[in-house]
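With PDB, C-alpha atoms inside, this is coords-v4.pdb:
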```
ATOM      1  CA  ALA A   1      17.285  13.474 -18.608
ATOM      2  CA  ALA A   2      18.498  10.832 -16.211
ATOM      3  CA  ILE A   3      16.409   9.785 -13.242
ATOM      4  CA  ALA A   4      17.794   8.670  -9.914
ATOM      5  CA  ALA A   5      16.886   5.268  -8.559
ATOM      6  CA  ALA A   6      13.617   5.326  -6.629
ATOM      7  CA  SER A   7      14.156   5.954  -2.943
ATOM      8  CA  THR A   8      13.298   3.216  -0.480
ATOM      9  CA  GLU A   9      13.096   5.608   2.481
ATOM     10  CA  PRO A  10       9.783   5.204   4.381
ATOM     11  CA  SER A  11       8.878   8.868   3.833
ATOM     12  CA  SER A  12       9.090   8.403   0.073
ATOM     13  CA  LEU A  13       7.463   4.989   0.025
ATOM     14  CA  CYS A  14       4.494   6.149   2.116
ATOM     15  CA  SER A  15       3.908   9.355   0.198
ATOM     16  CA  GLY A  16       1.906   7.699  -2.590
ATOM     17  CA  ARG A  17       4.110   9.302  -5.249
ATOM     18  CA  SER A  18       4.977   7.183  -8.226
ATOM     19  CA  PRO A  19       8.712   6.549  -8.686
ATOM     20  CA  MET A  20       7.877   6.966 -12.380
ATOM     21  CA  SER A  21       6.548  10.518 -11.986
ATOM     22  CA  ARG A  22       9.952  12.220 -11.754
ATOM     23  CA  GLY A  23       8.431  14.463  -9.122
ATOM     24  CA  GLY A  24       6.071  16.163 -11.579
ATOM     25  CA  GLU A  25       2.596  15.770 -13.013
ATOM     26  CA  MET A  26       3.430  15.103 -16.659
ATOM     27  CA  VAL A  27       3.098  11.651 -18.194
ATOM     28  CA  TYR A  28       6.254  10.496 -19.929
ATOM     29  CA  ILE A  29       7.593   7.370 -21.589
ATOM     30  CA  PRO A  30      10.207   5.572 -19.455
ATOM     31  CA  ASP A  31      13.758   5.702 -20.782
ATOM     32  CA  ASP A  32      16.834   3.513 -20.221
ATOM     33  CA  SER A  33      17.518   5.095 -16.826
ATOM     34  CA  ASP A  34      14.029   4.156 -15.616
ATOM     35  CA  PHE A  35      14.509   0.565 -16.708
ATOM     36  CA  SER A  36      17.949   0.461 -15.039
ATOM     37  CA  SER A  37      16.433   1.836 -11.833
ATOM     38  CA  PHE A  38      13.697  -0.788 -11.933
ATOM     39  CA  ARG A  39      16.244  -3.582 -12.455
ATOM     40  CA  ASP A  40      18.306  -2.306  -9.511
ATOM     41  CA  GLN A  41      15.221  -2.396  -7.269
ATOM     42  CA  CYS A  42      14.486  -5.978  -8.302
ATOM     43  CA  GLU A  43      18.023  -7.178  -7.616
ATOM     44  CA  SER A  44      18.732  -5.192  -4.446
ATOM     45  CA  LEU A  45      18.086  -6.684  -0.994
ATOM     46  CA  GLU A  46      18.676  -3.488   0.968
ATOM     47  CA  GLY A  47      15.565  -2.348   2.821
ATOM     48  CA  TRP A  48      13.561  -5.459   1.869
ATOM     49  CA  HIS A  49      12.113  -7.910   4.422
ATOM     50  CA  CYS A  50      11.893 -11.566   3.376
ATOM     51  CA  ARG A  51       8.341 -12.837   3.975
ATOM     52  CA  TYR A  52       8.434 -16.192   2.173
ATOM     53  CA  ASN A  53      11.135 -18.494   0.807
ATOM     54  CA  LYS A  54      10.079 -21.970  -0.307
ATOM     55  CA  ALA A  55      10.364 -24.215  -3.353
ATOM     56  CA  GLY A  56      12.297 -21.718  -5.473
ATOM     57  CA  VAL A  57       9.951 -18.781  -4.730
ATOM     58  CA  THR A  58      10.959 -15.802  -2.563
ATOM     59  CA  VAL A  59       8.750 -12.879  -1.504
ATOM     60  CA  TRP A  60       9.941  -9.613   0.056
ATOM     61  CA  SER A  61       8.030  -6.549   1.245
ATOM     62  CA  GLN A  62       8.538  -2.921   2.204
ATOM     63  CA  GLY A  63       6.235  -0.348   3.816
ATOM     64  CA  GLN A  64       5.199  -2.090   7.012
ATOM     65  CA  GLU A  65       5.076   1.112   9.081
ATOM     66  CA  GLU A  66       1.698   1.712  10.739
ATOM     67  CA  SER A  67       1.307   5.072   8.980
ATOM     68  CA  CYS A  68       2.169   3.695   5.561
ATOM     69  CA  THR A  69      -0.708   3.046   3.180
ATOM     70  CA  VAL A  70       1.482   2.123   0.194
ATOM     71  CA  GLN A  71       2.749  -1.436   0.084
ATOM     72  CA  LYS A  72       5.676  -2.580  -2.011
ATOM     73  CA  ILE A  73       6.064  -6.296  -2.711
ATOM     74  CA  LYS A  74       8.720  -8.115  -4.722
ATOM     75  CA  THR A  75       8.751 -11.785  -5.727
ATOM     76  CA  ARG A  76      11.261 -14.027  -7.478
ATOM     77  CA  ILE A  77      10.987 -17.497  -8.981
ATOM     78  CA  SER A  78      13.507 -19.707 -10.755
ATOM     79  CA  CYS A  79      12.058 -21.109 -13.983
ATOM     80  CA  LYS A  80      13.774 -24.276 -15.169
ATOM     81  CA  ASP A  81      13.197 -25.285 -18.812
ATOM     82  CA  VAL A  82      11.705 -21.888 -19.739
ATOM     83  CA  PRO A  83      14.014 -19.586 -21.748
ATOM     84  CA  ALA A  84      13.880 -15.885 -20.863
ATOM     85  CA  GLU A  85      12.500 -14.902 -24.275
ATOM     86  CA  THR A  86       9.653 -17.431 -23.904
ATOM     87  CA  LEU A  87       8.548 -16.004 -20.559
ATOM     88  CA  TYR A  88       8.772 -12.516 -22.041
ATOM     89  CA  ASP A  89       6.355 -13.624 -24.785
ATOM     90  CA  VAL A  90       4.018 -15.168 -22.199
ATOM     91  CA  LEU A  91       3.764 -11.895 -20.272
ATOM     92  CA  HIS A  92       2.981  -9.950 -23.455
ATOM     93  CA  ASP A  93       0.577 -12.353 -25.161
ATOM     94  CA  THR A  94      -2.905 -11.314 -24.015
ATOM     95  CA  ASP A  95      -4.565 -14.033 -26.110
ATOM     96  CA  TYR A  96      -2.604 -16.673 -24.223
ATOM     97  CA  ARG A  97      -3.197 -14.960 -20.896
ATOM     98  CA  LYS A  98      -6.908 -15.578 -21.294
ATOM     99  CA  LYS A  99      -6.075 -19.301 -21.250
ATOM    100  CA  TRP A 100      -4.014 -19.418 -18.048
ATOM    101  CA  ASP A 101      -5.012 -16.400 -15.948
ATOM    102  CA  SER A 102      -8.465 -16.985 -14.457
ATOM    103  CA  ASN A 103      -8.302 -13.593 -12.706
ATOM    104  CA  MET A 104      -8.369 -11.672 -15.961
ATOM    105  CA  ILE A 105     -11.921 -10.866 -16.985
ATOM    106  CA  GLU A 106     -11.071  -8.813 -20.064
ATOM    107  CA  THR A 107      -8.208  -6.795 -21.476
ATOM    108  CA  TYR A 108      -7.676  -4.699 -24.560
ATOM    109  CA  ASP A 109      -5.247  -2.181 -25.954
ATOM    110  CA  ILE A 110      -6.300   1.433 -26.156
ATOM    111  CA  GLY A 111      -3.455   2.755 -28.235
ATOM    112  CA  ARG A 112       0.190   2.875 -29.150
ATOM    113  CA  LEU A 113       2.513   5.515 -27.702
ATOM    114  CA  THR A 114       5.867   4.362 -29.051
ATOM    115  CA  VAL A 115       7.380   1.120 -30.319
ATOM    116  CA  ASN A 116       7.700  -0.097 -26.741
ATOM    117  CA  ALA A 117       4.906   1.687 -24.866
ATOM    118  CA  ASP A 118       1.148   1.279 -24.858
ATOM    119  CA  HIS A 119      -1.898   2.387 -22.911
ATOM    120  CA  HIS A 120      -3.469  -0.556 -21.135
ATOM    121  CA  ALA A 121      -6.634  -0.879 -19.051
ATOM    122  CA  TRP A 122      -7.432  -3.439 -16.379
ATOM    123  CA  ASP A 123      -8.683  -2.439 -12.987
ATOM    124  CA  PHE A 124      -6.052   0.176 -13.551
ATOM    125  CA  VAL A 125      -5.376   2.310 -16.595
ATOM    126  CA  THR A 126      -1.633   2.145 -17.072
ATOM    127  CA  LEU A 127       1.124   3.230 -19.383
ATOM    128  CA  ARG A 128       3.145   0.092 -20.035
ATOM    129  CA  SER A 129       6.641  -0.006 -21.534
ATOM    130  CA  TRP A 130       9.016  -2.847 -22.287
ATOM    131  CA  LEU A 131      12.697  -3.253 -23.115
ATOM    132  CA  PRO A 132      14.985  -6.194 -23.937
ATOM    133  CA  LEU A 133      18.403  -5.243 -22.538
ATOM    134  CA  GLY A 134      21.151  -7.785 -23.153
ATOM    135  CA  ASN A 135      20.085 -10.982 -21.389
ATOM    136  CA  ASP A 136      17.405  -9.133 -19.454
ATOM    137  CA  TYR A 137      13.808  -8.406 -20.435
ATOM    138  CA  MET A 138      11.743  -5.803 -18.595
ATOM    139  CA  ILE A 139       8.080  -4.737 -18.638
ATOM    140  CA  ILE A 140       7.053  -1.811 -16.413
ATOM    141  CA  ASN A 141       3.912   0.261 -15.952
ATOM    142  CA  TYR A 142       2.364   3.056 -13.927
ATOM    143  CA  SER A 143      -1.173   4.426 -13.641
ATOM    144  CA  VAL A 144      -2.429   7.214 -15.871
ATOM    145  CA  LYS A 145      -5.799   8.810 -16.613
ATOM    146  CA  HIS A 146      -7.436   8.718 -20.032
ATOM    147  CA  PRO A 147     -10.564  10.870 -20.560
ATOM    148  CA  LYS A 148     -12.429   8.119 -22.412
ATOM    149  CA  TYR A 149     -11.848   5.468 -19.719
ATOM    150  CA  PRO A 150     -13.063   6.725 -16.317
ATOM    151  CA  PRO A 151     -13.489   4.358 -13.327
ATOM    152  CA  ARG A 152     -16.341   1.884 -13.712
ATOM    153  CA  LYS A 153     -18.894   1.356 -10.977
ATOM    154  CA  ASP A 154     -18.540  -2.426 -11.124
ATOM    155  CA  PHE A 155     -14.775  -2.328 -10.439
ATOM    156  CA  VAL A 156     -12.605  -0.622  -7.845
ATOM    157  CA  ARG A 157      -9.946   1.435  -9.605
ATOM    158  CA  ALA A 158      -6.574   0.963  -7.888
ATOM    159  CA  VAL A 159      -3.404   2.936  -8.600
ATOM    160  CA  SER A 160      -0.125   1.381  -9.726
ATOM    161  CA  LEU A 161       2.717   3.675  -8.672
ATOM    162  CA  GLN A 162       5.146   1.234 -10.257
ATOM    163  CA  THR A 163       4.666  -2.369 -11.326
ATOM    164  CA  GLY A 164       6.722  -4.615 -13.549
ATOM    165  CA  TYR A 165       8.619  -7.753 -14.426
ATOM    166  CA  LEU A 166      12.335  -8.428 -14.797
ATOM    167  CA  ILE A 167      13.272 -11.642 -16.597
ATOM    168  CA  LYS A 168      16.940 -12.668 -16.383
ATOM    169  CA  ALA A 169      18.324 -15.454 -18.549
ATOM    170  CA  ASN A 170      19.918 -18.323 -16.631
ATOM    171  CA  GLY A 171      21.612 -20.144 -19.462
ATOM    172  CA  ALA A 172      19.942 -20.931 -22.782
ATOM    173  CA  SER A 173      16.934 -22.816 -21.403
ATOM    174  CA  ALA A 174      16.133 -21.314 -18.002
ATOM    175  CA  CYS A 175      15.480 -17.949 -16.406
ATOM    176  CA  VAL A 176      14.728 -16.072 -13.199
ATOM    177  CA  LEU A 177      11.546 -13.982 -13.005
ATOM    178  CA  TYR A 178      11.101 -10.991 -10.682
ATOM    179  CA  TYR A 179       7.780  -9.244 -10.138
ATOM    180  CA  LEU A 180       7.758  -5.934  -8.275
ATOM    181  CA  THR A 181       4.692  -3.885  -7.462
ATOM    182  CA  GLN A 182       4.091  -0.658  -5.566
ATOM    183  CA  VAL A 183       0.359  -0.019  -5.383
ATOM    184  CA  ASP A 184      -1.720   2.552  -3.546
ATOM    185  CA  PRO A 185      -4.830   0.635  -2.400
ATOM    186  CA  ARG A 186      -6.620   3.895  -1.523
ATOM    187  CA  GLY A 187      -6.506   3.307   2.213
ATOM    188  CA  SER A 188      -4.509   1.389   4.784
ATOM    189  CA  LEU A 189      -4.112  -2.359   4.401
ATOM    190  CA  PRO A 190      -4.417  -4.587   7.477
ATOM    191  CA  LYS A 191      -1.232  -6.541   8.112
ATOM    192  CA  TRP A 192      -3.114  -9.820   7.674
ATOM    193  CA  VAL A 193      -3.873  -8.809   4.081
ATOM    194  CA  VAL A 194      -0.198  -8.099   3.379
ATOM    195  CA  ASN A 195       0.714 -11.393   5.069
ATOM    196  CA  ARG A 196      -1.770 -13.324   2.943
ATOM    197  CA  VAL A 197      -0.483 -11.718  -0.255
ATOM    198  CA  SER A 198       3.105 -12.527   0.753
ATOM    199  CA  GLN A 199       2.474 -16.082   1.955
ATOM    200  CA  PHE A 200      -0.162 -17.340  -0.485
ATOM    201  CA  VAL A 201      -1.229 -15.041  -3.323
ATOM    202  CA  ALA A 202       2.185 -13.988  -4.650
ATOM    203  CA  PRO A 203       3.812 -17.467  -4.600
ATOM    204  CA  LYS A 204       0.757 -19.035  -6.265
ATOM    205  CA  ALA A 205       0.719 -16.355  -8.978
ATOM    206  CA  MET A 206       4.421 -16.802  -9.743
ATOM    207  CA  LYS A 207       4.043 -20.571 -10.004
ATOM    208  CA  LYS A 208       1.105 -20.072 -12.374
ATOM    209  CA  ILE A 209       3.243 -17.873 -14.665
ATOM    210  CA  TYR A 210       6.028 -20.487 -14.610
ATOM    211  CA  LYS A 211       3.564 -23.234 -15.560
ATOM    212  CA  ALA A 212       2.199 -21.029 -18.359
ATOM    213  CA  GLY A 213       5.761 -20.613 -19.651
ATOM    214  CA  LEU A 214       6.244 -24.368 -19.869
ATOM    215  CA  LYS A 215       3.098 -24.758 -21.987
ATOM    216  CA  TYR A 216       3.447 -21.663 -24.171
ATOM    217  CA  PRO A 217       5.620 -22.999 -27.056
ATOM    218  CA  GLU A 218       3.123 -25.757 -27.859
ATOM    219  CA  TRP A 219       0.161 -23.363 -27.626
ATOM    220  CA  LYS A 220       1.826 -20.697 -29.744
ATOM    221  CA  ARG A 221       2.650 -23.139 -32.548
ATOM    222  CA  LYS A 222      -1.113 -23.565 -33.041
ATOM    223  CA  HIS A 223      -2.102 -19.906 -32.586
ATOM    224  CA  ASP A 224      -0.606 -17.484 -35.098
ATOM    225  CA  PRO A 225       3.037 -18.347 -34.276
ATOM    226  CA  GLY A 226       4.507 -15.446 -36.261
ATOM    227  CA  TYR A 227       2.391 -12.773 -34.575
ATOM    228  CA  LYS A 228       4.376 -10.996 -31.841
ATOM    229  CA  PRO A 229       3.825  -7.222 -32.062
ATOM    230  CA  TRP A 230       5.858  -6.729 -28.879
ATOM    231  CA  VAL A 231       8.847  -8.080 -30.837
ATOM    232  CA  TYR A 232       7.898  -6.914 -34.346
ATOM    233  CA  PRO A 233       6.444  -3.371 -34.034
ATOM    234  CA  GLU A 234       5.403  -3.330 -37.686
ATOM    235  CA  GLN A 235       2.670  -5.840 -36.703
ATOM    236  CA  ASN A 236       1.127  -3.358 -34.270
ATOM    237  CA  THR A 237      -2.053  -1.898 -35.744
ATOM    238  CA  LEU A 238      -3.253   0.022 -32.694
ATOM    239  CA  PRO A 239      -4.157   3.695 -33.164
ATOM    240  CA  SER A 240      -1.601   6.204 -31.960
ATOM    241  CA  VAL A 241      -2.193   7.993 -28.666
ATOM    242  CA  SER A 242      -0.729  11.370 -27.788
ATOM    243  CA  LEU A 243       0.884  11.856 -24.391
ATOM    244  CA  ALA A 244      -1.120  15.071 -24.174
ATOM    245  CA  GLU A 245      -4.285  12.961 -23.793
ATOM    246  CA  LEU A 246      -2.941  11.376 -20.604
ATOM    247  CA  SER A 247      -2.351  12.603 -17.069
ATOM    248  CA  LEU A 248      -0.994  10.992 -13.908
ATOM    249  CA  GLN A 249      -3.502   9.080 -11.809
ATOM    250  CA  HIS A 250      -3.443   9.822  -8.071
ATOM    251  CA  ALA A 251      -5.392   7.696  -5.613
ATOM    252  CA  ASP A 252      -6.769  10.710  -3.755
ATOM    253  CA  SER A 253      -8.331  12.075  -6.960
ATOM    254  CA  LEU A 254     -10.393   8.980  -7.672
ATOM    255  CA  GLU A 255     -14.101   9.247  -7.091
ATOM    256  CA  ASN A 256     -15.478   7.291  -4.154
ATOM    257  CA  ILE A 257     -17.066   4.082  -5.362
ATOM    258  CA  ASP A 258     -19.320   1.842  -3.294
ATOM    259  CA  GLU A 259     -17.326  -1.378  -2.916
ATOM    260  CA  THR A 260     -20.152  -3.259  -1.178
ATOM    261  CA  GLY A 261     -20.756  -6.581  -2.837
ATOM    262  CA  LEU A 262     -17.706  -6.403  -5.076
ATOM    263  CA  GLY A 263     -15.733  -9.643  -5.084
ATOM    264  CA  SER A 264     -11.984 -10.023  -5.221
ATOM    265  CA  GLN A 265     -11.936 -11.555  -8.683
ATOM    266  CA  GLY A 266      -9.328 -10.014 -10.875
ATOM    267  CA  GLY A 267      -9.260  -7.170 -13.262
ATOM    268  CA  ASN A 268     -10.978  -5.904 -16.268
ATOM    269  CA  GLY A 269      -8.735  -4.370 -18.850
ATOM    270  CA  TRP A 270      -8.275  -2.724 -22.167
ATOM    271  CA  GLU A 271      -5.047  -1.941 -23.980
ATOM    272  CA  PHE A 272      -5.332   1.210 -25.989
ATOM    273  CA  GLY A 273      -2.699   1.884 -28.594
ATOM    274  CA  PRO A 274       0.795   3.050 -29.371
ATOM    275  CA  LEU A 275       2.601   6.079 -28.047
ATOM    276  CA  HIS A 276       5.873   4.678 -29.251
ATOM    277  CA  PRO A 277       6.848   1.281 -30.707
ATOM    278  CA  ASN A 278       7.397  -0.218 -27.257
ATOM    279  CA  SER A 279       4.881   1.733 -25.166
ATOM    280  CA  HIS A 280       1.132   1.261 -24.854
ATOM    281  CA  VAL A 281      -1.617   2.647 -22.685
ATOM    282  CA  CYS A 282      -3.496  -0.136 -20.987
ATOM    283  CA  SER A 283      -6.034  -0.950 -18.305
ATOM    284  CA  PRO A 284      -6.745  -3.312 -15.260
ATOM    285  CA  THR A 285      -5.776  -6.864 -14.065
ATOM    286  CA  PRO A 286      -3.634  -8.231 -11.286
ATOM    287  CA  LEU A 287       0.009  -9.047 -11.946
ATOM    288  CA  SER A 288       0.794  -6.571 -14.526
TER
END
```
Using structure tokens, write down the structure that the file contains.
Amino acid sequence: AAIAAASTEPSSLCSGRSPMSRGGEMVYIPDDSDFSSFRDQCESLEGWHCRYNKAGVTVWSQGQEESCTVQKIKTRISCKDVPAETLYDVLHDTDYRKKWDSNMIETYDIGRLTVNADHHAWDFVTLRSWLPLGNDYMIINYSVKHPKYPPRKDFVRAVSLQTGYLIKANGASACVLYYLTQVDPRGSLPKWVVNRVSQFVAPKAMKKIYKAGLKYPEWKRKHDPGYKPWVYPEQNTLPSVSLAELSLQHADSLENIDETGLGSQGGNGWEFGPLHPNSHVCSPTPLS
């Protein structure tokens, strides 16, 4: 069944509902209409407020109303000398991510859902799906619950209503990367926090991904160059996960965790296993 593009009306944005939920409680694997909707959100300027635009990096935001607890941020960077397919590999390759992303403490797959969906755990537990579509590459996720991976006391479990990347080829040897995230932080965010994310955190993170893309081909040549299970699903050895094991994660259903003394260092994560050749269930880390 087709899904309409996610609304950008304040009432919808502030409700804390995931655009990926289709208005229900069941977990499902995103289809082509979901990816098309995500791409439209990345490319549209309507309803977005530009917060930063320097040195090839642009940051926009939504959800600045006083009553709105859900923040939506979108960033874009032009990546010269990095082909789209290379950046797509960078964003999938968790072994390489350990080399360039100092915020990632740990990550592992829980299981496979489909060829292009998995269950992934960081400081979130998410269902992540990916799709090459013409000259575009997309990776999207949203938070789910898995009975074997409850919130940990040493991390604050956030909720991703919708998060993802759009990579658009810009010729044979360059690309444009979009990152869009809609997260429920389980409480209101002061405007200075949103401003800091827009002005400093998001641009720095995008530049770090770009730099990682420049260095990836050399690194990959020395580290199992033929191994790319996100491209070759027959290489994926994760155990299968049934959708019936998963349920949607809502911020208001999370147990209260004492955040005193917890730093802001990035996520902890575990990718579970296949639901489908391009879907996994995963768990926590910033920027994905």
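Restricting the calculation to only C-alpha atoms, the smallest distance between Val159 (chain A) and any of A:Val183, A:Cys42, A:Ile29, A:Leu177 is found for A:Val183.
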Fill in the blank from the handout: One decimal place gives the CA of Lys208 (chain A)-CA of Trp100 (chain A) separation as 7.7 Å
Practice task
Apply the PyMOL selection byres ((chain A and resi 59) around 7) to the displayed file and report the matching residues as a ChimeraX atom specification.
Solution key: /A:50-53,57-58,60-61,74-76,198
Practice task
Given the file shown, enumerate the residues that the PyMOL selection byres ((chain A and resi 141-147) around 6) captures and present them as JSON, numbers by chain.
Solution key: {"A": [125, 126, 127, 128, 140, 148, 149, 159, 160, 161, 162, 163, 246, 247, 248, 249]}
Would you mind exporting the chosen residues as an mmCIF file, in the frame of the given file, restricted to C-alpha atoms?
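Written output follows (part_27.cif):
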```
data_model
loop_
_atom_site.group_PDB
_atom_site.id
_atom_site.type_symbol
_atom_site.label_atom_id
_atom_site.label_comp_id
_atom_site.auth_asym_id
_atom_site.auth_seq_id
_atom_site.Cartn_x
_atom_site.Cartn_y
_atom_site.Cartn_z
ATOM 1 C CA VAL A 125 -5.376 2.310 -16.595
ATOM 2 C CA THR A 126 -1.633 2.145 -17.072
ATOM 3 C CA LEU A 127 1.124 3.230 -19.383
ATOM 4 C CA ARG A 128 3.145 0.092 -20.035
ATOM 5 C CA ILE A 140 7.053 -1.811 -16.413
ATOM 6 C CA LYS A 148 -12.429 8.119 -22.412
ATOM 7 C CA TYR A 149 -11.848 5.468 -19.719
ATOM 8 C CA VAL A 159 -3.404 2.936 -8.600
ATOM 9 C CA SER A 160 -0.125 1.381 -9.726
ATOM 10 C CA LEU A 161 2.717 3.675 -8.672
ATOM 11 C CA GLN A 162 5.146 1.234 -10.257
ATOM 12 C CA THR A 163 4.666 -2.369 -11.326
ATOM 13 C CA LEU A 246 -2.941 11.376 -20.604
ATOM 14 C CA SER A 247 -2.351 12.603 -17.069
ATOM 15 C CA LEU A 248 -0.994 10.992 -13.908
ATOM 16 C CA GLN A 249 -3.502 9.080 -11.809
#
```
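Put simply, the PyMOL selection byres ((chain A and resi 206) around 10) in this file takes in Val57, Thr58, Thr75, Arg76, Ile77, Ser78, Cys79, Leu177, Tyr178, Tyr179, Val201, Ala202, Pro203, Lys204, Ala205, Lys207, Lys208, Ile209, Tyr210, Lys211, Ala212 and Leu287 of chain A.
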Practice task
Would you please work out which residue, of A:Gln182, A:Ser37, A:Asn135, A:Ser44, is nearest to Ile167 (chain A) when using only C-alpha atoms?
Solution key: A:Asn135
Practice task
Between A:Tyr165, A:His49, A:Ala174, A:Ala244, single out the one closest to Val27 (chain A), counting only C-alpha atoms.
Solution key: A:Ala244
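Among the candidates A:Leu214, A:Leu180, A:Lys99, A:Ser33, the one nearest to Gly164 (chain A) when counting only C-alpha atoms is A:Leu180.
If you measure from each of A:Gln62, A:Asp31, A:Pro151, A:Pro132 to Leu45 (chain A) using all atoms listed in the file, the closest one turns out to be A:Gln62.
The nearest approach to Pro83 (chain A) among the residues A:Asp95, A:Asp34, A:Asp136, A:Glu43, with only C-alpha atoms taken into account, belongs to A:Asp136.
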Practice task
Would you kindly identify which residues have an atom no farther than 9 Å from (9.9, -8.7, -26.6), using only C-alpha atoms and the file's own coordinates, and write them out as an MDAnalysis selection string?
Solution key: chainID A and resid 85 88:89 92 116 130:132 137:138 228:232 278
